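I have placed the structure first, in the form of structure tokens, so that the comments after it can refer back to it.
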Amino acid sequence: MTTPSLKRACLALLAALFAAIGLPAPHATADARDKAPDSARKILVWHSYTGEEQKVFEAIVEGFNQSRSDIRVDTLRIPYDVFADKLTSAMGVDKGPDLFVFAHDRVGYWADQGRLEPLQHQVTIEDIERYTPAAIDALTYPQGSRMLYGLPMAMKAVALVYDKAKVPTPPKTLDELIAIARPLTGEGRYGFVSEWASTFASASFLHAFGGGTLTADGRPDLANPKNAEALSFLRQMLAGDLLPREVNGAMVTAMFNDGRASMIITGPWDLGNFRKGIDVGVAPIPQGPAGWAKPYLSVEALMMNAAAKDKAAAFEVMRYLTSDASARMRLEQAGQPVANRAAWEGFTDERLNGFRAQAELSIPMPSAPAMRHVWTPMDATLTKVIGQGVEVESALGEAQKRVVANADQADRADPLDVIIRGAEKAYERLEEQRAHPETLLADSRWEAAVLTYLPSGKHPVLGRWCVDGEKVRGFSDRIAAGSASTPGEVQSTKGAQAAKIPDTMPRAAKSDASGDLTFCGVDKAIADLADLAVASPDRPAVMWNADRTEVTLAKMSDDGHVALIRSGAPIEEDNTWIYVLALFFAAIAAVTFAFRKKLAPHFGAYLYVAPALISVVILTLLPFGYGITLAFKDVTPTREAFVGLKNFADILLARGEGDPHSFYYTAGMTILWTVVNVALHVSIGLFLALLLQDNNLKGKNIYRVLLIIPWAVPNYITALIWKAMFNAQYGFINNVLTLLGFDSFASFSWFNQTSTAFLANLATNVWLGFPFMMVTALGALQSIPRDLYEAADVDGAGRWMKFRTVTLPLLKPALFPAIILGAIWTFNLSFNVIYLVSGGAPDGATDILVTQVYRYAFEQYRYGYAAAYATLIFLILVTYTVMTNRITKATEGAFE
Amino acid sequence: MAQVVLDKLVKHYDGAEKPTVTNVSLTVNDGEFLVLVGPSGCGKSTTLRMIAGLEDITGGELRIGGKRMNEVHPKDRDIAMVFQSYALYPHMTIRENMAFGLKMRKFPADEIASRVKEAAEMLDLSHLLDRKPKALSGGQRQRVAMGRAIVRRAPVFLFDEPLSNLDAKLRVQMRAEIAKLHKKLGTTIIYVTHDQVEAMTLADRIAVLHAGILQQHATPLELYETPANRFVASFIGSPGMNFCDGLGRNGSVEGFGTHFPLPERLKNFEGKCVIGIRPEHLHEEKPGEGAVEVLLDVDLIEPLGAETYLGGVIGDGTGKTRLMARVGAHTAGRVDQRISLWVNPANIHLFASGENGAAL
Ligand SMILES: Nc1ncnc2c1ncn2[C@@H]1O[C@H](COP(=O)(O)OP(=O)(O)O)[C@@H](O)[C@H]1O
Ligand SMILES: [Mg+2]
């Protein structure tokens, strides 16, 4: 290891390693894409279909490939539960499939980020009229605008599913529903079962009373008297024992199949799950005072990635896959409730037609980003009002406040005022420059544009400065031309001279432009943006460029002009980490070089630790540092800005409006949770270890294995089992308690009160946690010399005194670290238990800090706030560790 | 105060083939220092632990102070015990260690303090009282273990190889201290060791145990002079006794390449036996009339300063019988030379032939 040449070779290797890690080539893959031969015209489609649906879908794609030699479609199945995340991250870097099939409810979110290709300029009226209007509505965003983001494949909405043997004619109104359900209810059976605590399943009731969740323009609207009426109605049903106390989706179907439920609310995805022999009917959910109880419609749609290379080909594929013929195949062969009206002609399956009828009588699930913030608080409100009888108006008011606050935190484009201010400045500059066109041309980039809608309101015209050297992506003159002809593309414009008015530009556009503006076609993306601005006149539409270095803002003025303003670079893309990393390795290399004489004798040793050191830095230190920097920023999927200590101040001053509980409450709950758990883990573990230690115990090894089992089972499985055991009606625990004569537990809801929910969590976590302490204590017990006990015997100590004066003090050195670790684990890693057993119920009261962080980050998308929260948790744990270290120092080494 | 009587004590561990201790009967008088000696694994500790009450008694009876103790809990047996490992409580100070037994017996605090002080002074531990055991040397720990017994003022002290963890020099020193202590306290002591030197120097009487069976129970000198059997004869004394098959005939016994006259009481002995001669009874100069000459072909010389061990085979031509002699510092013996050694026939021991023949 010490020959100089070998050393040199190793140094070179290290240097190469540094280079490989420190200096990635960020654009290598993008270049590779560009090189794909044009002739291939490959289109990739992602979907998450399984079973029959997958077979039929792939057959249709195959049909397309057979009929077309110039375009080749490939499909890739991605499991449903990871689909959205994978897609979001792929599209975030302009990658991913060209087309994909997904439910429409993410449209608003992706569209707001500029990840979806708007289609309104490609589709024709005839295209649109082929589909059920509700399906098209669902894919329009914002609601009521002209922006269309996909073509519908299937419509899935829950409906009333009933057992014809028990319910000959389905109810038409909610009163009838109750009248039919009442005689069928009793002794564990129910006439009607619905997952009432789920906003998704109960939405139809909100609509039946005229309520809902969001306004037409996507703002939260929970606290209205109609919703209150709907909730009161459900509460009365539950109070009259017409609904089970605790149900989840799987239970609803299971109860129906067992004959314990005669009418349920479920969707077409359950069609294959009904027990053979039940004569299943499907009818619309009955009418309420305000009309049909319309459920939320989920539209499965084919959407186009904004980063798709060959959009023309992709659109052709879309057309084919959503055509009436392919829809008919999907309907007939896979039982898919398709959105094409023509496909249903002459189709007789009664159940599918039932679901289709319901789909026609449905409301598209809002795809506005605010909807993401509705679910958790609204579910909590349903539980509170219906299950626990909390006053309905205040509960809804509370929910409304939370949803608004959370949506505001996450989706309010916080730098918006900044953008608008910047945009206004740019506009002013534009006005100035208009007076001095020569300075304008000298500028190296175009800064602003004015877009005017022609009097017809149909054809927006863009006036824009084109300046040398600027590359503009995705130009299209189609809208300006106002024709339905093949979309043409005008790419980068070389110099002001090259940017002459294209021939396709209509005269109207030319004449509308003022003299000092140069036309150069209409950027389609900008036209889309303008559409967006017109769709929501009260707020500017914002669009980022692909590198997210520049923002374009469209704002409609009072006189109907849309000003398009391009602003500098409000967001610096954060590439600093690359430099930090490069700097870091450069520093290491420099230090290595500077001290090469000193390092030389131990060079081999350093070489050995280098890989570990490098991975620690990359895998631990860098993410950790990144997390800390996030804490000082306001980061959401749509924005990122430095805010200093604001996050910490908000948390520590308990200012969060959308939080049901303050940081201090949750921290207190976490500490209580940790203390009680560790105390029980240790005492139970120690007690069992002492029992197992007894030499006279027969079958010791069997007990030992049995007692370690809870530890060996994956903890989420244990958590789910305990959750089921705590079910109000069918759970093992209530059944046993009832058998033992505690009648009040007959349908006791453990998760309605903080204390009992806490107990349920506790039971689960104690079950999971005691084996570790038991094993630790067993080991420690075995290491206590036997003659100490004999000495104590001779000294006259009894059983208890021996335990207190010999066992406990000598267990301390082994148990103390275990307790410290156990406390940290409980504090930080009992996430699964809380999340899966109580889920924080009631309403976050049993959440601990880590589950709360999870909610901020992944339910509310407030990454910066969550990072600050996590940093605080980290600080708490550091303090705790330092403190306990002090204490351990004092106790360590009782043995030599 | 306390006489300890072992009456046919038997210990048979669960699952063991044979009893570990078989019918051991022994009376330890009040104030007597009894040493239980024997090779490792012979059941000394087991016997002691039965006396302490740490091991159930399978058969026989144990009486302390005239009372049956078989079923009595250790703490009620009026015994104090010093363990081989000392068994000091590692988390307690020396003071707490020594006071523990008294505290458990609910002695008043001032009484405890004065007894600890007294014992500490006696054992020269006063300056160490506030340390933890791990901060003490081996000898100091040993003294603490004794101090813990002393403060109890128990009538019977049990020691289980208390010195075996110490180095040779300390062992000699501690041996003297234990002897002094016994003189001062006058308690009954039962002391287990495998070291015959310890046994000889400390004991009033020695009980030799072999394979769980009591071989002989006598004063050290009796044991040395009239061992009851070959095992005791070989176990006591260092280097061990030399043995040689002998044949009795016509008033003399043949062995070690020569003939020894039989003592008066065995004048008529005829037949096979085993002759034993202790190495220290072989002299280079003829000690007097009647001494018998033994020829030794020397192959080993171990000078120890004050004396020399000579090893070799008997010069009878067979080269079979090995012999060890303990002679003066300035021996005439040289390796590969033959020398004459002299034995007083009164000093020879005769045993019945066989594995562990009894003394004749
Ligand atoms: N708990 C036990 N179970 C079975 N056999 C034991 C047990 N303790 C000791 N023995 C056996 O008894 C014999 C005597 O042990 P011991 O009294 O400790 O010998 P020593 O004379 O060396 O102190 C040994 O062979 C040992 O293996
Ligand atoms: Mg022993």
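Simple scheme: letters A, B, ... for chains in structure tokens order, numbers from 1 for residues in each chain, numbers from 1 for ligands in the order shown.
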Where does chain A meet chain B within 9 Å, residue by residue, with the nearest atom pair and distance in Å to one decimal for each, counting only C-alpha atoms, listed by chain and rising number, as a tab-separated table?
```
residue	atom	partner	partner_atom	distance
A:Pro785	CA	B:Ala87	CA	8.0
A:Arg786	CA	B:Ala87	CA	8.8
A:Asp787	CA	B:Ala87	CA	5.8
A:Leu788	CA	B:Ala87	CA	5.1
A:Tyr789	CA	B:Ala87	CA	8.6
A:Glu790	CA	B:Leu54	CA	6.7
A:Ala791	CA	B:Ala87	CA	6.4
A:Ala792	CA	B:Gly101	CA	7.7
A:Asp793	CA	B:Lys75	CA	6.0
A:Val794	CA	B:Lys75	CA	4.8
A:Asp795	CA	B:Gly101	CA	4.2
A:Gly796	CA	B:Lys75	CA	4.4
A:Ala797	CA	B:Met104	CA	5.8
A:Gly798	CA	B:Met104	CA	8.6
A:Met801	CA	B:Met104	CA	8.4
A:Thr805	CA	B:Tyr89	CA	8.9
A:Val806	CA	B:Tyr89	CA	7.3
A:Pro809	CA	B:His91	CA	6.8
A:Leu810	CA	B:His91	CA	7.3
A:Ala894	CA	B:His91	CA	5.7
A:Phe895	CA	B:Pro90	CA	6.3
A:Glu896	CA	B:Lys134	CA	5.9
```
Export N, CA and C atoms of the chosen residues as a compact mmCIF listing (two decimals), in the first residue's frame?
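That gives us result28.txt:
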```
# COMPACT_ATOMS: atom_id res chain seq x y z
N PRO A 785 -23.58 -10.67 38.39
CA PRO A 785 -22.99 -11.88 38.98
C PRO A 785 -23.94 -12.48 40.02
N ARG A 786 -24.04 -13.82 39.99
CA ARG A 786 -24.98 -14.48 40.89
C ARG A 786 -24.54 -14.33 42.34
N ASP A 787 -23.23 -14.24 42.56
CA ASP A 787 -22.81 -14.21 43.96
C ASP A 787 -23.19 -12.91 44.66
N LEU A 788 -23.53 -11.88 43.86
CA LEU A 788 -24.01 -10.67 44.53
C LEU A 788 -25.33 -10.95 45.23
N TYR A 789 -26.16 -11.76 44.57
CA TYR A 789 -27.44 -12.11 45.20
C TYR A 789 -27.20 -12.98 46.41
N GLU A 790 -26.20 -13.87 46.30
CA GLU A 790 -25.91 -14.75 47.42
C GLU A 790 -25.37 -13.93 48.59
N ALA A 791 -24.52 -12.94 48.24
CA ALA A 791 -24.01 -12.07 49.30
C ALA A 791 -25.17 -11.34 49.97
N ALA A 792 -26.10 -10.90 49.13
CA ALA A 792 -27.25 -10.20 49.69
C ALA A 792 -28.10 -11.13 50.53
N ASP A 793 -28.20 -12.37 50.07
CA ASP A 793 -28.93 -13.37 50.88
C ASP A 793 -28.32 -13.49 52.26
N VAL A 794 -27.01 -13.65 52.26
CA VAL A 794 -26.31 -13.81 53.53
C VAL A 794 -26.42 -12.53 54.35
N ASP A 795 -26.42 -11.40 53.65
CA ASP A 795 -26.54 -10.12 54.34
C ASP A 795 -27.93 -9.88 54.88
N GLY A 796 -28.85 -10.73 54.47
CA GLY A 796 -30.18 -10.63 55.06
C GLY A 796 -31.18 -9.82 54.25
N ALA A 797 -30.90 -9.63 52.94
CA ALA A 797 -31.84 -8.87 52.13
C ALA A 797 -32.95 -9.79 51.61
N GLY A 798 -34.16 -9.31 51.66
CA GLY A 798 -35.30 -10.08 51.13
C GLY A 798 -35.40 -9.89 49.63
N MET A 801 -35.80 -6.20 48.64
CA MET A 801 -34.57 -5.45 48.90
C MET A 801 -33.48 -5.83 47.90
N THR A 805 -31.83 -3.06 45.80
CA THR A 805 -30.46 -2.66 46.10
C THR A 805 -29.42 -3.37 45.23
N VAL A 806 -29.81 -4.45 44.58
CA VAL A 806 -28.83 -5.11 43.70
C VAL A 806 -29.27 -5.02 42.24
N PRO A 809 -29.94 -1.13 40.64
CA PRO A 809 -28.73 -0.33 40.41
C PRO A 809 -27.83 -0.95 39.35
N LEU A 810 -27.80 -2.28 39.28
CA LEU A 810 -26.89 -2.91 38.33
C LEU A 810 -27.51 -2.99 36.93
N ALA A 894 -20.55 1.09 36.28
CA ALA A 894 -20.69 0.53 37.61
C ALA A 894 -19.79 -0.69 37.74
N PHE A 895 -19.71 -1.42 36.62
CA PHE A 895 -18.75 -2.53 36.60
C PHE A 895 -17.43 -1.98 36.12
N GLU A 896 -16.43 -2.69 36.42
CA GLU A 896 -15.11 -2.24 36.02
C GLU A 896 -14.96 -2.16 34.52
```
What residues of the protein or nucleic acid chains come within 12 Å of ligand 1 when you use only C-alpha atoms and all ligand atoms? Reply as number ranges by chain. A: 695, 786; B: 10-22, 36-50, 54-56, 83-84, 159-162, 164, 191-195, 208-214
Would you kindly return, as a short mmCIF file (atom, residue, chain, number, x, y, z; two decimals) with all heavy atoms, in the first residue's frame, each protein, DNA or RNA residue with an atom no farther than 12 Å from any atom of stretch 283-289 of chain B, considering only C-alpha atoms and excluding same-chain residues fewer than 4 positions away?
```
data_model
loop_
_atom_site.label_atom_id
_atom_site.label_comp_id
_atom_site.auth_asym_id
_atom_site.auth_seq_id
_atom_site.Cartn_x
_atom_site.Cartn_y
_atom_site.Cartn_z
N ILE B 277 7.95 -42.20 50.60
CA ILE B 277 9.00 -41.46 51.28
C ILE B 277 8.85 -40.00 50.91
O ILE B 277 8.74 -39.65 49.73
CB ILE B 277 10.40 -41.93 50.83
CG1 ILE B 277 10.55 -43.44 51.00
CG2 ILE B 277 11.49 -41.18 51.59
CD1 ILE B 277 11.86 -43.98 50.45
N ARG B 278 8.77 -39.12 51.89
CA ARG B 278 8.69 -37.68 51.60
C ARG B 278 10.05 -37.19 51.13
O ARG B 278 11.09 -37.63 51.65
CB ARG B 278 8.28 -36.92 52.85
CG ARG B 278 6.85 -37.17 53.26
CD ARG B 278 6.31 -36.11 54.19
NE ARG B 278 4.97 -36.46 54.64
CZ ARG B 278 3.87 -36.18 53.95
NH1 ARG B 278 3.98 -35.59 52.78
NH2 ARG B 278 2.71 -36.54 54.43
N PRO B 279 10.15 -36.31 50.18
CA PRO B 279 11.43 -35.85 49.62
C PRO B 279 12.34 -35.27 50.71
O PRO B 279 13.55 -35.43 50.62
CB PRO B 279 11.02 -34.76 48.63
CG PRO B 279 9.61 -35.07 48.30
CD PRO B 279 9.01 -35.72 49.50
N GLU B 293 20.36 -46.88 52.32
CA GLU B 293 20.88 -46.14 51.17
C GLU B 293 19.97 -46.35 49.94
O GLU B 293 19.57 -47.45 49.62
CB GLU B 293 22.29 -46.60 50.84
CG GLU B 293 22.93 -45.77 49.75
CD GLU B 293 24.28 -46.36 49.32
OE1 GLU B 293 24.42 -47.59 49.32
OE2 GLU B 293 25.17 -45.56 48.95
N VAL B 294 19.70 -45.23 49.30
CA VAL B 294 18.92 -45.28 48.05
C VAL B 294 19.78 -44.63 46.97
O VAL B 294 20.33 -43.55 47.18
CB VAL B 294 17.59 -44.53 48.19
CG1 VAL B 294 16.88 -44.44 46.86
CG2 VAL B 294 16.70 -45.17 49.23
N LEU B 295 19.93 -45.34 45.83
CA LEU B 295 20.76 -44.79 44.76
C LEU B 295 19.88 -44.02 43.76
O LEU B 295 18.82 -44.49 43.35
CB LEU B 295 21.50 -45.91 44.05
CG LEU B 295 22.53 -46.66 44.91
CD1 LEU B 295 23.14 -47.81 44.10
CD2 LEU B 295 23.62 -45.70 45.37
N LEU B 296 20.35 -42.82 43.39
CA LEU B 296 19.54 -41.98 42.48
C LEU B 296 20.37 -41.57 41.28
O LEU B 296 21.46 -41.02 41.42
CB LEU B 296 19.06 -40.73 43.22
CG LEU B 296 18.18 -39.79 42.43
CD1 LEU B 296 16.83 -40.44 42.12
CD2 LEU B 296 17.95 -38.48 43.19
N GLU B 307 17.47 -24.49 49.54
CA GLU B 307 17.50 -25.94 49.37
C GLU B 307 17.49 -26.26 47.89
O GLU B 307 17.32 -25.36 47.06
CB GLU B 307 16.32 -26.59 50.09
CG GLU B 307 15.01 -26.02 49.60
CD GLU B 307 13.85 -26.33 50.52
OE1 GLU B 307 14.08 -26.71 51.68
OE2 GLU B 307 12.69 -26.21 50.06
N THR B 308 17.64 -27.55 47.61
CA THR B 308 17.67 -27.96 46.21
C THR B 308 16.81 -29.20 46.03
O THR B 308 16.78 -30.07 46.90
CB THR B 308 19.11 -28.28 45.77
OG1 THR B 308 19.93 -27.15 46.04
CG2 THR B 308 19.17 -28.61 44.29
N TYR B 309 16.07 -29.21 44.95
CA TYR B 309 15.30 -30.42 44.62
C TYR B 309 16.11 -31.23 43.64
O TYR B 309 16.55 -30.71 42.61
CB TYR B 309 13.95 -30.08 43.97
CG TYR B 309 12.97 -29.36 44.89
CD1 TYR B 309 11.81 -28.78 44.37
CD2 TYR B 309 13.20 -29.28 46.27
CE1 TYR B 309 10.91 -28.13 45.18
CE2 TYR B 309 12.31 -28.62 47.09
CZ TYR B 309 11.17 -28.03 46.54
OH TYR B 309 10.29 -27.40 47.34
N LEU B 310 16.28 -32.47 43.96
CA LEU B 310 16.95 -33.38 43.05
C LEU B 310 15.94 -34.35 42.49
O LEU B 310 15.19 -34.97 43.25
CB LEU B 310 18.04 -34.17 43.77
CG LEU B 310 19.29 -33.43 44.23
CD1 LEU B 310 20.23 -34.43 44.92
CD2 LEU B 310 19.99 -32.80 43.03
N MET B 324 12.00 -37.87 44.03
CA MET B 324 12.32 -36.46 44.21
C MET B 324 12.90 -36.33 45.61
O MET B 324 12.29 -36.84 46.56
CB MET B 324 11.03 -35.66 44.07
CG MET B 324 11.23 -34.19 43.92
SD MET B 324 12.00 -33.82 42.34
CE MET B 324 10.90 -32.58 41.77
N ALA B 325 14.04 -35.65 45.70
CA ALA B 325 14.63 -35.46 47.03
C ALA B 325 14.82 -33.99 47.31
O ALA B 325 15.02 -33.20 46.38
CB ALA B 325 15.98 -36.17 47.09
N ARG B 326 14.70 -33.62 48.58
CA ARG B 326 14.85 -32.22 48.94
C ARG B 326 16.10 -32.15 49.82
O ARG B 326 16.08 -32.62 50.96
CB ARG B 326 13.62 -31.84 49.71
CG ARG B 326 13.38 -30.38 49.86
CD ARG B 326 11.98 -30.20 50.41
NE ARG B 326 11.90 -29.01 51.21
CZ ARG B 326 10.84 -28.68 51.88
NH1 ARG B 326 9.77 -29.48 51.88
NH2 ARG B 326 10.82 -27.59 52.58
N VAL B 327 17.19 -31.61 49.26
CA VAL B 327 18.46 -31.65 49.98
C VAL B 327 18.98 -30.24 50.20
O VAL B 327 18.35 -29.27 49.78
CB VAL B 327 19.50 -32.48 49.20
CG1 VAL B 327 19.05 -33.91 49.07
CG2 VAL B 327 19.72 -31.87 47.82
N GLY B 328 20.14 -30.14 50.82
CA GLY B 328 20.71 -28.84 51.15
C GLY B 328 21.08 -28.03 49.93
O GLY B 328 21.09 -28.53 48.80
N ALA B 329 21.43 -26.77 50.17
CA ALA B 329 21.72 -25.86 49.07
C ALA B 329 22.93 -26.34 48.26
O ALA B 329 22.93 -26.25 47.04
CB ALA B 329 21.96 -24.45 49.60
N HIS B 330 23.91 -26.86 48.97
CA HIS B 330 25.14 -27.23 48.26
C HIS B 330 25.18 -28.73 48.06
O HIS B 330 25.84 -29.46 48.77
CB HIS B 330 26.36 -26.74 49.05
CG HIS B 330 26.30 -25.26 49.28
ND1 HIS B 330 26.54 -24.33 48.27
CD2 HIS B 330 25.95 -24.54 50.37
CE1 HIS B 330 26.38 -23.13 48.75
NE2 HIS B 330 26.01 -23.22 50.03
N THR B 331 24.44 -29.17 47.07
CA THR B 331 24.35 -30.60 46.83
C THR B 331 25.54 -31.09 46.03
O THR B 331 26.14 -30.32 45.27
CB THR B 331 23.06 -30.93 46.07
OG1 THR B 331 23.05 -32.31 45.76
CG2 THR B 331 22.96 -30.14 44.76
N ALA B 332 25.87 -32.36 46.21
CA ALA B 332 26.94 -32.96 45.44
C ALA B 332 26.41 -33.56 44.15
O ALA B 332 27.17 -33.99 43.30
CB ALA B 332 27.63 -34.05 46.27
N GLY B 333 25.12 -33.61 44.05
CA GLY B 333 24.49 -34.23 42.89
C GLY B 333 24.78 -33.45 41.62
O GLY B 333 24.82 -32.22 41.62
N ARG B 338 25.30 -40.62 39.45
CA ARG B 338 24.56 -41.37 40.48
C ARG B 338 25.04 -40.93 41.84
O ARG B 338 26.25 -40.80 42.04
CB ARG B 338 24.81 -42.86 40.27
CG ARG B 338 24.22 -43.73 41.36
CD ARG B 338 24.33 -45.20 41.02
NE ARG B 338 23.51 -45.55 39.87
CZ ARG B 338 23.35 -46.81 39.43
NH1 ARG B 338 23.97 -47.82 40.03
NH2 ARG B 338 22.61 -47.07 38.39
N ILE B 339 24.08 -40.69 42.72
CA ILE B 339 24.51 -40.34 44.09
C ILE B 339 23.76 -41.23 45.08
O ILE B 339 22.72 -41.81 44.74
CB ILE B 339 24.28 -38.85 44.44
CG1 ILE B 339 22.79 -38.51 44.40
CG2 ILE B 339 25.06 -37.95 43.53
CD1 ILE B 339 22.50 -37.21 45.11
N SER B 340 24.28 -41.26 46.27
CA SER B 340 23.63 -42.03 47.34
C SER B 340 22.82 -41.10 48.20
O SER B 340 23.26 -39.99 48.54
CB SER B 340 24.69 -42.70 48.22
OG SER B 340 25.46 -43.58 47.45
N LEU B 341 21.62 -41.55 48.54
CA LEU B 341 20.78 -40.79 49.46
C LEU B 341 20.42 -41.72 50.60
O LEU B 341 20.37 -42.94 50.44
CB LEU B 341 19.52 -40.29 48.75
CG LEU B 341 19.75 -39.23 47.66
CD1 LEU B 341 18.49 -39.03 46.85
CD2 LEU B 341 20.22 -37.92 48.27
N TRP B 342 20.14 -41.11 51.76
CA TRP B 342 19.93 -41.93 52.95
C TRP B 342 18.56 -41.65 53.55
O TRP B 342 18.13 -40.52 53.62
CB TRP B 342 21.02 -41.67 53.99
CG TRP B 342 22.40 -42.00 53.44
CD1 TRP B 342 23.22 -41.19 52.74
CD2 TRP B 342 23.04 -43.25 53.54
NE1 TRP B 342 24.37 -41.82 52.36
CE2 TRP B 342 24.29 -43.12 52.85
CE3 TRP B 342 22.72 -44.49 54.12
CZ2 TRP B 342 25.20 -44.18 52.74
CZ3 TRP B 342 23.66 -45.52 54.01
CH2 TRP B 342 24.88 -45.36 53.32
N VAL B 343 17.90 -42.72 53.96
CA VAL B 343 16.57 -42.58 54.58
C VAL B 343 16.57 -43.28 55.93
O VAL B 343 17.05 -44.41 56.04
CB VAL B 343 15.48 -43.25 53.72
CG1 VAL B 343 14.10 -42.88 54.24
CG2 VAL B 343 15.62 -42.89 52.27
N ASN B 344 15.99 -42.56 56.89
CA ASN B 344 15.76 -43.19 58.18
C ASN B 344 14.52 -44.06 58.04
O ASN B 344 13.44 -43.56 57.70
CB ASN B 344 15.53 -42.10 59.22
CG ASN B 344 15.39 -42.68 60.61
OD1 ASN B 344 15.16 -43.89 60.75
ND2 ASN B 344 15.52 -41.83 61.62
N PRO B 345 14.62 -45.37 58.27
CA PRO B 345 13.47 -46.25 58.04
C PRO B 345 12.23 -45.85 58.86
O PRO B 345 11.11 -46.15 58.46
CB PRO B 345 13.98 -47.64 58.44
CG PRO B 345 15.39 -47.49 58.85
CD PRO B 345 15.82 -46.07 58.74
N ALA B 346 12.43 -45.09 59.92
CA ALA B 346 11.27 -44.66 60.72
C ALA B 346 10.40 -43.68 59.91
O ALA B 346 9.22 -43.48 60.21
CB ALA B 346 11.74 -43.99 62.00
N ASN B 347 11.00 -43.10 58.89
CA ASN B 347 10.27 -42.08 58.13
C ASN B 347 9.53 -42.61 56.91
O ASN B 347 8.97 -41.84 56.15
CB ASN B 347 11.24 -41.00 57.66
CG ASN B 347 11.65 -40.09 58.80
OD1 ASN B 347 10.90 -39.97 59.78
ND2 ASN B 347 12.83 -39.50 58.70
#
```
Enumerate, as a PyMOL selection string, the complete set of residues in stretch 568-671 of chain A that a backbone-based DSSP assignment places in alpha helix (DSSP H). chain A and resi 576-594+596-599+603-616+622-631+646-652+663-671
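DSSP, applied to the backbone of this structure, assigns strand (DSSP E or B) to the following residues of stretch 218-293 of chain B: Ala218, Asn229, Asn242, Phe243, Cys244, Asp245, Gly246, Leu247, Gly248, Arg249, Ser252, Val253, Glu254, Gly255, Thr258, His259, Phe260, Pro261, Gly271, Lys272, Cys273, Val274, Ile275, Gly276, Ile277, Leu282, His283, Val292 and Glu293 of chain B.
Remark: for ligand 2, the closest of the candidate residues B:Val292, B:Leu163, B:Leu247, B:Leu181 is B:Leu163 (distances computed over only C-alpha atoms and all ligand atoms).
Excluding B:Pro261 and any residue on its chain fewer than 4 positions from it, the residues at most 7 Å away by only C-alpha atoms are Gly251, Ser252, Val253 and Pro345 of chain B.
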Could you name the residues that touch stretch 220-230 of chain B at 7 Å or less, counting only C-alpha atoms, but leaving out those on the same chain fewer than 5 positions away, as a PyMOL selection string? chain B and resi 200+203+205-206+236+351+356-359
Take the residues from that selection and put them in a file with N, CA and C atoms, as a CSV table (one decimal), in the first residue's frame.
```
chain,number,residue,atom,x,y,z
B,200,MET,N,-2.3,-25.8,55.9
B,200,MET,CA,-1.4,-26.1,57.0
B,200,MET,C,-1.1,-25.0,57.9
B,203,ALA,N,-4.8,-23.7,59.7
B,203,ALA,CA,-5.9,-24.5,60.3
B,203,ALA,C,-5.5,-24.9,61.7
B,205,ARG,N,-7.6,-27.4,62.6
B,205,ARG,CA,-7.8,-28.8,62.0
B,205,ARG,C,-8.1,-28.7,60.6
B,206,ILE,N,-7.7,-29.7,59.8
B,206,ILE,CA,-7.9,-29.7,58.4
B,206,ILE,C,-8.8,-30.9,58.0
B,236,ILE,N,-0.8,-33.6,50.9
B,236,ILE,CA,-0.1,-32.8,51.8
B,236,ILE,C,1.4,-32.9,51.6
B,351,PHE,N,1.5,-48.1,52.7
B,351,PHE,CA,0.0,-48.1,52.4
B,351,PHE,C,-0.4,-49.4,51.7
B,356,ASN,N,-6.0,-46.0,46.0
B,356,ASN,CA,-5.9,-45.1,47.2
B,356,ASN,C,-5.9,-45.9,48.5
B,357,GLY,N,-4.8,-46.6,48.6
B,357,GLY,CA,-4.7,-47.5,49.7
B,357,GLY,C,-4.6,-46.8,51.0
B,358,ALA,N,-5.2,-47.4,52.1
B,358,ALA,CA,-5.2,-46.8,53.4
B,358,ALA,C,-3.8,-47.1,54.0
B,359,ALA,N,-3.5,-46.2,55.0
B,359,ALA,CA,-2.2,-46.4,55.7
B,359,ALA,C,-2.2,-47.7,56.4
```
What's the 7 Å shell around stretch 119-127 of chain A, counting only C-alpha atoms, without same-chain residues fewer than 5 positions away, as a PyMOL selection string? chain A and resi 146-150
Show me, as an NGL selection string, the residues that have an atom within 9 Å of stretch 222-239 of chain A when counting only C-alpha atoms, minus same-chain residues fewer than 3 positions from it. :A and (178 or 196 or 202 or 205-214 or 242-245 or 374 or 378 or 382 or 385-389 or 392-401 or 403)
